[in-house]
file work_12.pdb (PDB, C-alpha atoms)
ATOM      1  CA  MET A   1    -157.444  33.440 -40.131
ATOM      2  CA  GLY A   2    -158.784  36.368 -42.107
ATOM      3  CA  LYS A   3    -162.345  37.473 -42.243
ATOM      4  CA  ARG A   4    -164.415  36.147 -45.088
ATOM      5  CA  ARG A   5    -165.878  39.013 -47.062
ATOM      6  CA  ASN A   6    -169.428  38.743 -48.280
ATOM      7  CA  GLN A   7    -169.475  39.461 -51.973
ATOM      8  CA  HIS A   8    -172.421  40.409 -54.061
ATOM      9  CA  PRO A   9    -173.375  37.607 -56.535
ATOM     10  CA  GLN A  10    -172.465  39.864 -59.483
ATOM     11  CA  GLN A  11    -168.981  40.353 -58.028
ATOM     12  CA  LEU A  12    -168.551  36.582 -57.741
ATOM     13  CA  GLN A  13    -169.619  36.159 -61.359
ATOM     14  CA  ASP A  14    -167.214  38.878 -62.461
ATOM     15  CA  ASN A  15    -164.394  37.127 -60.594
ATOM     16  CA  ILE A  16    -165.091  33.830 -62.349
ATOM     17  CA  PHE A  17    -164.425  35.400 -65.752
ATOM     18  CA  ALA A  18    -161.692  37.838 -64.749
ATOM     19  CA  GLY A  19    -158.243  36.831 -65.895
ATOM     20  CA  ASN A  20    -159.393  33.667 -67.688
ATOM     21  CA  PRO A  21    -156.831  33.235 -70.512
ATOM     22  CA  PHE A  22    -159.244  31.233 -72.685
ATOM     23  CA  LEU A  23    -161.949  33.898 -72.468
ATOM     24  CA  ASP A  24    -159.414  36.681 -72.914
ATOM     25  CA  ASP A  25    -158.132  35.041 -76.115
ATOM     26  CA  LEU A  26    -161.668  34.361 -77.340
ATOM     27  CA  LEU A  27    -162.716  37.965 -76.801
ATOM     28  CA  ALA A  28    -159.545  39.253 -78.445
ATOM     29  CA  TRP A  29    -160.219  37.021 -81.483
ATOM     30  CA  ARG A  30    -163.891  38.017 -81.554
ATOM     31  CA  HIS A  31    -162.921  41.690 -81.828
ATOM     32  CA  SER A  32    -160.217  41.039 -84.420
ATOM     33  CA  PRO A  33    -160.915  41.561 -88.144
ATOM     34  CA  GLU A  34    -161.162  37.768 -88.594
ATOM     35  CA  GLY A  35    -163.535  37.453 -85.635
ATOM     36  CA  GLU A  36    -165.765  40.209 -86.972
ATOM     37  CA  GLN A  37    -165.725  38.569 -90.401
ATOM     38  CA  PHE A  38    -166.758  35.286 -88.769
ATOM     39  CA  ALA A  39    -169.651  37.001 -86.951
ATOM     40  CA  GLY A  40    -170.972  38.385 -90.250
ATOM     41  CA  PHE A  41    -170.517  34.990 -91.840
ATOM     42  CA  SER A  42    -172.454  33.287 -89.019
ATOM     43  CA  ASP A  43    -175.316  35.757 -89.307
ATOM     44  CA  ALA A  44    -175.567  35.214 -93.067
ATOM     45  CA  LEU A  45    -175.480  31.417 -92.772
ATOM     46  CA  CYS A  46    -178.097  31.478 -90.037
ATOM     47  CA  ASP A  47    -180.424  33.109 -92.586
ATOM     48  CA  VAL A  48    -179.404  30.646 -95.326
ATOM     49  CA  MET A  49    -180.148  27.633 -93.122
ATOM     50  CA  GLU A  50    -183.498  28.915 -91.850
ATOM     51  CA  ASN A  51    -185.605  26.758 -94.218
ATOM     52  CA  VAL A  52    -183.184  23.885 -94.749
ATOM     53  CA  GLN A  53    -184.137  20.453 -93.449
ATOM     54  CA  LEU A  54    -182.023  17.421 -92.698
ATOM     55  CA  ASP A  55    -182.374  13.771 -93.663
ATOM     56  CA  ALA A  56    -179.961  12.303 -91.144
ATOM     57  CA  ARG A  57    -180.572   8.713 -92.304
ATOM     58  CA  LYS A  58    -179.453   9.525 -95.843
ATOM     59  CA  ARG A  59    -176.973  12.141 -94.600
ATOM     60  CA  GLN A  60    -178.401  14.873 -96.778
ATOM     61  CA  PHE A  61    -179.390  18.479 -96.415
ATOM     62  CA  ILE A  62    -182.783  19.178 -97.994
ATOM     63  CA  TRP A  63    -182.781  22.668 -99.459
ATOM     64  CA  PRO A  64    -185.944  24.787 -99.819
ATOM     65  CA  ASP A  65    -186.000  24.083-103.588
ATOM     66  CA  GLY A  66    -186.172  20.336-102.797
ATOM     67  CA  GLU A  67    -182.579  19.623-103.788
ATOM     68  CA  ARG A  68    -180.943  16.961-101.587
ATOM     69  CA  LEU A  69    -177.212  17.422-101.127
ATOM     70  CA  ASP A  70    -174.532  15.827 -98.987
ATOM     71  CA  LEU A  71    -172.211  17.938 -96.848
ATOM     72  CA  ASP A  72    -169.604  18.616 -99.552
ATOM     73  CA  GLN A  73    -172.275  19.496-102.112
ATOM     74  CA  SER A  74    -173.982  21.799 -99.602
ATOM     75  CA  VAL A  75    -170.685  23.540 -98.887
ATOM     76  CA  ALA A  76    -170.221  24.043-102.643
ATOM     77  CA  ARG A  77    -173.782  25.364-102.994
ATOM     78  CA  ILE A  78    -173.265  27.969-100.288
ATOM     79  CA  HIS A  79    -169.801  28.866-101.576
ATOM     80  CA  GLN A  80    -171.263  29.441-105.048
ATOM     81  CA  HIS A  81    -173.604  32.089-103.598
ATOM     82  CA  TYR A  82    -171.037  33.449-101.126
ATOM     83  CA  PRO A  83    -167.600  33.104-102.786
ATOM     84  CA  ASP A  84    -165.951  35.265-100.105
ATOM     85  CA  PHE A  85    -166.855  32.752 -97.390
ATOM     86  CA  ARG A  86    -164.137  30.282 -96.499
ATOM     87  CA  ARG A  87    -165.073  26.685 -97.342
ATOM     88  CA  ASP A  88    -163.724  25.372 -94.034
ATOM     89  CA  TRP A  89    -165.908  27.841 -92.129
ATOM     90  CA  ILE A  90    -168.958  26.801 -94.172
ATOM     91  CA  GLU A  91    -168.284  23.121 -93.488
ATOM     92  CA  GLU A  92    -167.793  23.694 -89.775
ATOM     93  CA  TYR A  93    -170.948  25.812 -89.602
ATOM     94  CA  LEU A  94    -173.022  23.095 -91.298
ATOM     95  CA  ILE A  95    -171.684  20.420 -88.955
ATOM     96  CA  ASP A  96    -172.429  22.581 -85.920
ATOM     97  CA  TRP A  97    -175.875  23.422 -87.322
ATOM     98  CA  MET A  98    -176.854  19.780 -87.719
ATOM     99  CA  GLU A  99    -175.488  18.896 -84.265
ATOM    100  CA  MET A 100    -176.821  21.817 -82.252
ATOM    101  CA  ASP A 101    -179.330  23.926 -84.170
ATOM    102  CA  TYR A 102    -181.466  21.584 -86.240
ATOM    103  CA  ALA A 103    -184.428  20.435 -84.143
ATOM    104  CA  PRO A 104    -187.783  20.407 -85.943
ATOM    105  CA  GLU A 105    -190.535  21.638 -83.640
ATOM    106  CA  HIS A 106    -192.936  18.900 -84.724
ATOM    107  CA  TYR A 107    -190.561  16.055 -83.737
ATOM    108  CA  SER A 108    -191.432  13.933 -80.716
ATOM    109  CA  THR A 109    -188.853  13.290 -78.013
ATOM    110  CA  ALA A 110    -188.164   9.854 -79.523
ATOM    111  CA  GLN A 111    -187.633  11.378 -82.976
ATOM    112  CA  LEU A 112    -185.278  14.008 -81.550
ATOM    113  CA  ASP A 113    -183.323  11.278 -79.753
ATOM    114  CA  GLU A 114    -183.024   9.321 -83.011
ATOM    115  CA  LEU A 115    -181.964  12.492 -84.829
ATOM    116  CA  ASP A 116    -179.277  13.090 -82.189
ATOM    117  CA  THR A 117    -177.999   9.526 -82.573
ATOM    118  CA  LEU A 118    -177.896   9.712 -86.371
ATOM    119  CA  THR A 119    -176.225  13.132 -86.485
ATOM    120  CA  ALA A 120    -173.670  12.050 -83.862
ATOM    121  CA  ARG A 121    -172.721   9.055 -86.025
ATOM    122  CA  TRP A 122    -172.610  11.241 -89.116
ATOM    123  CA  THR A 123    -170.392  13.775 -87.390
ATOM    124  CA  ALA A 124    -168.103  11.065 -85.993
ATOM    125  CA  ASP A 125    -167.693   9.619 -89.504
ATOM    126  CA  LEU A 126    -166.950  13.087 -90.906
ATOM    127  CA  LEU A 127    -164.333  13.699 -88.238
ATOM    128  CA  ARG A 128    -162.786  10.277 -88.731
ATOM    129  CA  HIS A 129    -162.584  10.946 -92.467
ATOM    130  CA  ARG A 130    -161.193  14.432 -91.864
ATOM    131  CA  ASN A 131    -158.510  13.066 -89.531
ATOM    132  CA  THR A 132    -157.425  10.399 -92.028
ATOM    133  CA  ALA A 133    -157.513  12.683 -95.075
ATOM    134  CA  THR A 134    -154.343  14.352 -96.250
ATOM    135  CA  PRO A 135    -154.240  17.882 -94.835
ATOM    136  CA  GLN A 136    -154.741  20.551 -97.463
ATOM    137  CA  LYS A 137    -152.093  23.207 -97.700
ATOM    138  CA  GLY A 138    -153.224  26.440 -96.100
ATOM    139  CA  ARG A 139    -156.419  24.950 -94.667
ATOM    140  CA  THR A 140    -157.344  26.156 -91.213
ATOM    141  CA  GLU A 141    -159.815  24.078 -89.253
ATOM    142  CA  LEU A 142    -162.201  25.373 -86.660
ATOM    143  CA  VAL A 143    -162.770  22.796 -83.955
ATOM    144  CA  THR A 144    -165.654  22.952 -81.539
ATOM    145  CA  LEU A 145    -165.115  21.879 -77.960
ATOM    146  CA  GLU A 146    -167.279  18.804 -78.554
ATOM    147  CA  HIS A 147    -165.122  17.783 -81.507
ATOM    148  CA  ALA A 148    -161.907  18.347 -79.582
ATOM    149  CA  GLU A 149    -163.140  16.210 -76.669
ATOM    150  CA  GLU A 150    -164.360  13.467 -79.002
ATOM    151  CA  ALA A 151    -161.041  13.396 -80.860
ATOM    152  CA  ARG A 152    -159.165  13.247 -77.573
ATOM    153  CA  PHE A 153    -161.027  10.143 -76.419
ATOM    154  CA  ASN A 154    -161.071   8.283 -79.768
TER     155      ASN A 154
END

call {"tool": "encode", "arguments": {"input": "work_12.pdb", "output": "structure tokens"}}
result
Amino acid sequence: MGKRRNQHPQQLQDNIFAGNPFLDDLLAWRHSPEGEQFAGFSDALCDVMENVQLDARKRQFIWPDGERLDLDQSVARIHQHYPDFRRDWIEEYLIDWMEMDYAPEHYSTAQLDELDTLTARWTADLLRHRNTATPQKGRTELVTLEHAEEARFN
């Protein structure tokens, strides 16, 4: 039996990430031209969504000018202002935003729980519709880990 070496906690953390093919691929993509384009896109959309609200019951985004739009209309609105942004990236960003980023500070815990339930149903319906729709030629989909897991178990 060999001696067990005591490693510094930072060395253990470094070992966890060293040689991980998923992380290696992610980092390689992140530093690719497409990955850098996506980072700029994400930063811009973060600013766009700063004052947007969500009506999860009616499945609408409420824009700062008061306009209420569904997901497809919101994608079109953003694409009109940012024609260089890919529509599939915009759609995926909006879905991720409503699932993970939208949480009004003034909501109670019960309201946040209801929001989570409503957005989860909305997202599940979107994914179900997306999976039954005819694939568009040349369309690339970004899939979050949550979406991939949900699709795997449905």

call {"tool": "resolve_selection", "arguments": {"input": "work_12.pdb", "expression": "the PyMOL selection byres ((chain A and resi 78) around 10)", "output": "list in words"}}
result
Leu45, Val48, Met49, Gln73, Ser74, Val75, Ala76, Arg77, His79, Gln80, His81, Tyr82, Pro83, Phe85, Arg87, Ile90 and Glu91 of chain A

call {"tool": "closest_residue", "arguments": {"input": "work_12.pdb", "among": "A:Ala110, A:Ala103, A:Asp96, A:Gly19", "to": "Thr123 in chain A", "atoms": "all atoms listed in the file"}}
result
A:Asp96

call {"tool": "closest_residue", "arguments": {"input": "work_12.pdb", "among": "A:Leu115, A:Ala28, A:Leu69, A:Leu127", "to": "Asp101 in chain A", "atoms": "all atoms listed in the file"}}
result
A:Leu115

call {"tool": "atom_distance", "arguments": {"input": "work_12.pdb", "atom1": "CA of Arg86 in chain A", "atom2": "CA of Thr117 in chain A"}}
result
28.6 Å

call {"tool": "resolve_selection", "arguments": {"input": "work_12.pdb", "expression": "the PyMOL selection byres ((chain A and resi 118) around 12)", "output": "JSON, numbers by chain"}}
result
{"A": [54, 55, 56, 57, 58, 59, 60, 98, 99, 111, 112, 113, 114, 115, 116, 117, 119, 120, 121, 122, 123, 124, 125]}

call {"tool": "atom_distance", "arguments": {"input": "work_12.pdb", "atom1": "CA of Gln37 in chain A", "atom2": "CA of Trp89 in chain A"}}
result
10.9 Å

call {"tool": "atom_distance", "arguments": {"input": "work_12.pdb", "atom1": "CA of Ser32 in chain A", "atom2": "CA of Ala18 in chain A"}}
result
20.0 Å

call {"tool": "closest_residue", "arguments": {"input": "work_12.pdb", "among": "A:Glu50, A:Asp70, A:Asp84, A:Glu105", "to": "Leu126 in chain A", "atoms": "only C-alpha atoms"}}
result
A:Asp70

call {"tool": "residues_near_point", "arguments": {"input": "work_12.pdb", "point": "(-192.0, 23.3, -98.9)", "cutoff": "12 Å", "atoms": "only C-alpha atoms", "output": "PyMOL selection string"}}
result
chain A and resi 51-53+62-67

call {"tool": "closest_residue", "arguments": {"input": "work_12.pdb", "among": "A:Thr109, A:Tyr93, A:Phe22, A:Arg68", "to": "Ala44 in chain A", "atoms": "all atoms listed in the file"}}
result
A:Tyr93

call {"tool": "residues_near_point", "arguments": {"input": "work_12.pdb", "point": "(-174.9, 21.0, -95.3)", "cutoff": "6 Å", "atoms": "all atoms listed in the file", "output": "list in words"}}
result
Phe61, Leu71, Ser74 and Leu94 of chain A

call {"tool": "decode", "arguments": {"input": "work_12.pdb", "residues": "range 100-112 of chain A", "atoms": "all heavy atoms", "output": "tab-separated table (two decimals), in the first residue's frame"}}
result
chain	number	residue	atom	x	y	z
A	100	MET	N	-34.46	31.00	-15.15
A	100	MET	CA	-33.38	31.14	-14.16
A	100	MET	C	-33.12	32.56	-13.68
A	100	MET	O	-32.63	32.74	-12.58
A	100	MET	CB	-32.09	30.56	-14.74
A	100	MET	CG	-32.18	29.08	-15.02
A	100	MET	SD	-30.66	28.38	-15.67
A	100	MET	CE	-30.72	28.93	-17.37
A	101	ASP	N	-33.41	33.56	-14.50
A	101	ASP	CA	-33.01	34.92	-14.14
A	101	ASP	C	-34.15	35.79	-13.63
A	101	ASP	O	-33.91	36.71	-12.85
A	101	ASP	CB	-32.35	35.63	-15.33
A	101	ASP	CG	-31.03	35.00	-15.70
A	101	ASP	OD1	-30.41	34.36	-14.84
A	101	ASP	OD2	-30.60	35.15	-16.86
A	102	TYR	N	-35.36	35.54	-14.08
A	102	TYR	CA	-36.46	36.42	-13.71
A	102	TYR	C	-36.98	36.05	-12.32
A	102	TYR	O	-37.53	34.96	-12.11
A	102	TYR	CB	-37.60	36.35	-14.73
A	102	TYR	CG	-38.72	37.31	-14.39
A	102	TYR	CD1	-38.54	38.67	-14.52
A	102	TYR	CD2	-39.94	36.85	-13.91
A	102	TYR	CE1	-39.55	39.57	-14.19
A	102	TYR	CE2	-40.96	37.73	-13.59
A	102	TYR	CZ	-40.75	39.09	-13.73
A	102	TYR	OH	-41.76	39.98	-13.40
A	103	ALA	N	-36.76	36.94	-11.37
A	103	ALA	CA	-37.22	36.73	-9.99
A	103	ALA	C	-37.41	38.10	-9.36
A	103	ALA	O	-36.49	38.66	-8.77
A	103	ALA	CB	-36.22	35.90	-9.20
A	104	PRO	N	-38.61	38.67	-9.50
A	104	PRO	CA	-38.85	40.00	-8.93
A	104	PRO	C	-38.54	40.05	-7.43
A	104	PRO	O	-38.95	39.14	-6.69
A	104	PRO	CB	-40.34	40.24	-9.19
A	104	PRO	CG	-40.67	39.33	-10.33
A	104	PRO	CD	-39.78	38.14	-10.17
A	105	GLU	N	-37.82	41.07	-7.02
A	105	GLU	CA	-37.41	41.18	-5.62
A	105	GLU	C	-38.59	41.31	-4.67
A	105	GLU	O	-38.50	40.91	-3.52
A	105	GLU	CB	-36.47	42.38	-5.47
A	105	GLU	CG	-35.14	42.18	-6.16
A	105	GLU	CD	-34.22	43.39	-6.02
A	105	GLU	OE1	-34.52	44.28	-5.21
A	105	GLU	OE2	-33.21	43.42	-6.74
A	106	HIS	N	-39.69	41.89	-5.14
A	106	HIS	CA	-40.83	42.13	-4.26
A	106	HIS	C	-41.75	40.91	-4.11
A	106	HIS	O	-42.70	40.95	-3.35
A	106	HIS	CB	-41.63	43.34	-4.75
A	106	HIS	CG	-42.27	43.14	-6.09
A	106	HIS	ND1	-41.55	43.30	-7.26
A	106	HIS	CD2	-43.51	42.77	-6.45
A	106	HIS	CE1	-42.35	43.05	-8.29
A	106	HIS	NE2	-43.55	42.72	-7.82
A	107	TYR	N	-41.45	39.81	-4.81
A	107	TYR	CA	-42.28	38.61	-4.72
A	107	TYR	C	-42.03	37.90	-3.38
A	107	TYR	O	-40.90	37.80	-2.91
A	107	TYR	CB	-41.96	37.63	-5.85
A	107	TYR	CG	-42.73	37.85	-7.13
A	107	TYR	CD1	-43.22	39.09	-7.50
A	107	TYR	CD2	-42.96	36.78	-7.99
A	107	TYR	CE1	-43.91	39.27	-8.68
A	107	TYR	CE2	-43.65	36.95	-9.18
A	107	TYR	CZ	-44.13	38.20	-9.51
A	107	TYR	OH	-44.82	38.37	-10.68
A	108	SER	N	-43.10	37.36	-2.81
A	108	SER	CA	-42.97	36.52	-1.63
A	108	SER	C	-42.48	35.14	-2.07
A	108	SER	O	-42.46	34.82	-3.27
A	108	SER	CB	-44.33	36.38	-0.94
A	108	SER	OG	-45.22	35.63	-1.76
A	109	THR	N	-42.15	34.31	-1.10
A	109	THR	CA	-41.71	32.95	-1.40
A	109	THR	C	-42.82	32.18	-2.13
A	109	THR	O	-42.55	31.47	-3.11
A	109	THR	CB	-41.32	32.21	-0.12
A	109	THR	OG1	-40.27	32.95	0.52
A	109	THR	CG2	-40.83	30.80	-0.40
A	110	ALA	N	-44.06	32.37	-1.70
A	110	ALA	CA	-45.19	31.69	-2.35
A	110	ALA	C	-45.35	32.16	-3.79
A	110	ALA	O	-45.61	31.34	-4.70
A	110	ALA	CB	-46.48	31.94	-1.57
A	111	GLN	N	-45.18	33.45	-4.03
A	111	GLN	CA	-45.29	33.97	-5.40
A	111	GLN	C	-44.15	33.44	-6.27
A	111	GLN	O	-44.36	33.12	-7.44
A	111	GLN	CB	-45.28	35.50	-5.39
A	111	GLN	CG	-46.55	36.11	-4.87
A	111	GLN	CD	-46.43	37.62	-4.70
A	111	GLN	OE1	-45.47	38.12	-4.13
A	111	GLN	NE2	-47.42	38.34	-5.23
A	112	LEU	N	-42.95	33.36	-5.72
A	112	LEU	CA	-41.82	32.82	-6.48
A	112	LEU	C	-42.04	31.34	-6.80
A	112	LEU	O	-41.72	30.89	-7.90
A	112	LEU	CB	-40.51	33.01	-5.72
A	112	LEU	CG	-39.98	34.45	-5.67
A	112	LEU	CD1	-38.79	34.55	-4.71
A	112	LEU	CD2	-39.60	34.96	-7.05
